[in-house]
Amino acid sequence: MGAMSLVKQVARWVLHEAGGLHLARIRRRGELRILMYHGFPDGQREALERQCEHIRAFYEPVSLDEVAEWLDGRWELPPNALAVTVDDGYRNFARNAWPLFSAYGIPAAVYLVTGFCDRRLWLWTDQVNWLYDAAGRSGARDLVEQYKTMPDAERRVALAELPGQLGVPLPEQPPAAFEALSWDEARRLAGEGVTFGCHTDTHPILGRLPDERAQREEIVQSRNRVAAELGGSVRHFCYPNGKVGDFSSTTVRLLQETGFTTATVTSVGFNRSGADRYRLERIGVEPDLPWAYFTELLAGLHGVK
């Protein structure tokens with residue numbers, strides 16, 4: 001066994017057997033963790049349930065509405081507060097995730113891509129992945145990252161040409177693994193306590209759109225569709241891709257003008273008192289994340305700011 005491997009094993013033993021994670025949680029008990037999930041494929045229920053058990057044992061789940069009250073100074077976070085967010089609005093959330101979150105008393109907020117729920121589109125990142133898989137090709141991840149750097153109009157043209165280049169026709173509607181929640185399902189979930197926010201109408205990277213008007217259309221259309229289908233105010237937003245450069249101060253102003261009270265990014269970090277409510281940082285997790293790594297992330301390790 002190499003010296004570095006031995007050091008890592010000793011460090012992990014200290015974390016998991018000698019109270020290291022407990023000390024890390026104490027040190028950061030006053031900060032808010034926001035988890036970022038995406039999909040919940042079939043076959044991962046046991047792994048997700050283990051994560052739910054861990055959350056209930058060591059953290060205090062809170063809703064995004066409570067987070068907004070905390071940011072307003074009208075509510076005090078409990079120690080080791082944790083919020084769960086889910087991007088995109090896949091149908092497998094209803095089937096495989098919400099029954100567990102609900103059973104364990106863990107609030108969840110789902111950011112909907114409204115064109116996806118309307119069955120007007122399926123997510124462009126999924127299209128790339130599906131096409132490459134159907135063509136027996138590798139490299140989908142690299143192409144997705146390349147598309148993210150393009151002006152939105154160029155990205156749409158390139159995506160439209162991709163089926164022909166790969167020799168694979170693209171289905172009009174996504175296969176079952178990539179399906180969106182229906183509005184009927186979203187209404188049922190809202191009635192059971194799920195919070196719904198917006199993730200734009202067509203899932204472009206807002207900073208790659210040509211102008212402020214195009215950003216406004218994506219934001220307002222998504223808010224209006226969620227409000228029309230689910231009723232009530234729509235308070236929470238999530239930036240597609242959500243990294244530095246994917247949105248701007250103009251985007252933030254548009255969210256303020258549209259009535260949103262929080263917005264989340266994909267930058268990794270915890271949120272302290274006085275956090276920017278339109279740049280709330282998150283921790284990316286999924287049900288199949290290695291167990292030790294999952295527990296360490298939530299405790300604040302692995303470069304979490």
# chains A, B, ... in the order shown; residues from 1 in each chain; ligands from 1

call {"tool": "residues_around", "arguments": {"residues": "Ile205 of chain A", "least_positions_apart": "3", "cutoff": "12 Å", "atoms": "only C-alpha atoms", "output": "count of residues only"}}
result
35

call {"tool": "select_by_dssp", "arguments": {"residues": "segment 116-215 of chain A", "states": "helix (DSSP H, G or I)", "output": "MDAnalysis selection string"}}
result
chainID A and resid 116:117 124:134 140:148 152:166 176:178 183:191 206:208 212:215

call {"tool": "closest_atom_pairs", "arguments": {"of": "segment 223-261 of chain A", "to": "segment 105-116 of chain A", "cutoff": "12 Å", "atoms": "only C-alpha atoms", "output": "tab-separated table"}}
result
residue	atom	partner	partner_atom	distance
A:Arg223	CA	A:Thr114	CA	8.5
A:Asn224	CA	A:Thr114	CA	9.4
A:Arg225	CA	A:Thr114	CA	6.6
A:Val226	CA	A:Thr114	CA	7.1
A:Ala227	CA	A:Thr114	CA	10.7
A:Ala228	CA	A:Thr114	CA	11.1
A:Glu229	CA	A:Thr114	CA	10.1
A:Leu230	CA	A:Leu112	CA	11.6
A:Val234	CA	A:Tyr111	CA	10.5
A:Arg235	CA	A:Tyr111	CA	10.7
A:His236	CA	A:Tyr111	CA	7.9
A:Phe237	CA	A:Tyr111	CA	6.9
A:Cys238	CA	A:Tyr111	CA	6.5
A:Tyr239	CA	A:Tyr111	CA	9.5
A:Pro240	CA	A:Val113	CA	9.5

call {"tool": "residues_around", "arguments": {"residues": "segment 165-175 of chain A", "least_positions_apart": "3", "cutoff": "9 Å", "atoms": "only C-alpha atoms", "output": "ChimeraX atom specification"}}
result
/A:119-123,126-127,130-132,134-135,137,161-162,178-180

call {"tool": "residues_around", "arguments": {"residues": "Val265 of chain A", "least_positions_apart": "5", "cutoff": "6 Å", "atoms": "only C-alpha atoms", "output": "JSON, numbers by chain"}}
result
{"A": [242, 279, 280, 281]}

call {"tool": "closest_residue", "arguments": {"among": "A:Gln256, A:Trp70, A:Tyr90, A:Phe58", "to": "Leu23 of chain A", "atoms": "only C-alpha atoms"}}
result
A:Phe58

call {"tool": "closest_residue", "arguments": {"among": "A:His203, A:Arg253, A:Arg272, A:Arg25", "to": "Leu77 of chain A", "atoms": "only C-alpha atoms"}}
result
A:Arg272

call {"tool": "atom_distance", "arguments": {"atom1": "atom CA of Ala24 of chain A", "atom2": "atom CA of Ala47 of chain A"}}
result
23.2 Å

call {"tool": "atom_distance", "arguments": {"atom1": "atom CA of Ser267 of chain A", "atom2": "atom CA of Arg282 of chain A"}}
result
6.3 Å

call {"tool": "residues_around", "arguments": {"residues": "segment 93-100 of chain A", "least_positions_apart": "6", "cutoff": "8 Å", "atoms": "only C-alpha atoms", "output": "number ranges by chain"}}
result
A: 39-42, 45, 48-49, 52, 108, 181, 185, 189

call {"tool": "write_last_selection", "arguments": {"atoms": "N, CA and C atoms", "output": "tab-separated table (two decimals), in the first residue's frame"}}
result
chain	number	residue	atom	x	y	z
A	39	GLY	N	-32.04	13.88	-11.40
A	39	GLY	CA	-32.91	12.75	-11.69
A	39	GLY	C	-32.88	11.68	-10.62
A	40	PHE	N	-33.90	10.83	-10.66
A	40	PHE	CA	-34.03	9.74	-9.69
A	40	PHE	C	-34.39	8.46	-10.44
A	41	PRO	N	-33.41	7.87	-11.12
A	41	PRO	CA	-33.70	6.70	-11.95
A	41	PRO	C	-34.23	5.53	-11.13
A	42	ASP	N	-34.95	4.66	-11.81
A	42	ASP	CA	-35.40	3.43	-11.18
A	42	ASP	C	-34.18	2.64	-10.70
A	45	ARG	N	-33.73	3.58	-5.30
A	45	ARG	CA	-34.54	3.90	-4.12
A	45	ARG	C	-33.78	3.63	-2.82
A	48	LEU	N	-31.22	6.32	-2.17
A	48	LEU	CA	-31.84	7.59	-1.79
A	48	LEU	C	-32.41	7.50	-0.37
A	49	GLU	N	-32.99	6.37	-0.02
A	49	GLU	CA	-33.53	6.25	1.33
A	49	GLU	C	-32.42	6.34	2.37
A	52	CYS	N	-31.77	9.93	2.83
A	52	CYS	CA	-32.82	10.56	3.63
A	52	CYS	C	-32.63	10.25	5.12
A	108	ALA	N	-39.12	19.57	-0.26
A	108	ALA	CA	-38.39	19.59	-1.53
A	108	ALA	C	-38.95	20.69	-2.41
A	181	LEU	N	-42.41	15.82	-15.58
A	181	LEU	CA	-43.67	15.81	-14.85
A	181	LEU	C	-44.78	16.40	-15.73
A	185	GLU	N	-49.56	15.94	-12.50
A	185	GLU	CA	-48.68	15.41	-11.46
A	185	GLU	C	-48.14	16.53	-10.59
A	189	LEU	N	-48.55	16.98	-6.54
A	189	LEU	CA	-47.40	17.13	-5.67
A	189	LEU	C	-47.45	18.45	-4.88

call {"tool": "select_by_dssp", "arguments": {"residues": "segment 44-220 of chain A", "states": "strand (DSSP E)", "output": "ChimeraX atom specification"}}
result
/A:60-61,81-88,108-112,195-198

call {"tool": "residues_around", "arguments": {"residues": "Phe294 of chain A", "least_positions_apart": "4", "cutoff": "10 Å", "atoms": "only C-alpha atoms", "output": "JSON list (two decimals) with C-alpha atoms, in the first residue's frame"}}
result
[["chain", "number", "residue", "atom", "x", "y", "z"],
["A", 51, "GLN", "CA", -29.45, 9.55, 2.15],
["A", 54, "HIS", "CA", -28.71, 10.47, 7.10],
["A", 283, "ILE", "CA", -24.02, 21.17, -3.17],
["A", 284, "GLY", "CA", -24.53, 18.85, -6.14],
["A", 285, "VAL", "CA", -25.61, 15.35, -5.12],
["A", 286, "GLU", "CA", -27.42, 12.42, -6.73],
["A", 287, "PRO", "CA", -28.80, 9.18, -5.26],
["A", 288, "ASP", "CA", -25.91, 7.10, -6.63],
["A", 289, "LEU", "CA", -23.16, 9.30, -5.15],
["A", 290, "PRO", "CA", -20.60, 7.20, -3.21],
["A", 298, "LEU", "CA", -22.92, 17.52, 3.61],
["A", 299, "ALA", "CA", -20.55, 18.01, 6.54],
["A", 301, "LEU", "CA", -15.63, 18.88, 3.23]]

call {"tool": "closest_residue", "arguments": {"among": "A:Arg74, A:Arg141, A:His38, A:Arg50", "to": "Asn92 of chain A", "atoms": "only C-alpha atoms"}}
result
A:His38

call {"tool": "atom_distance", "arguments": {"atom1": "atom CA of Arg216 of chain A", "atom2": "atom CA of Gly259 of chain A"}}
result
12.4 Å
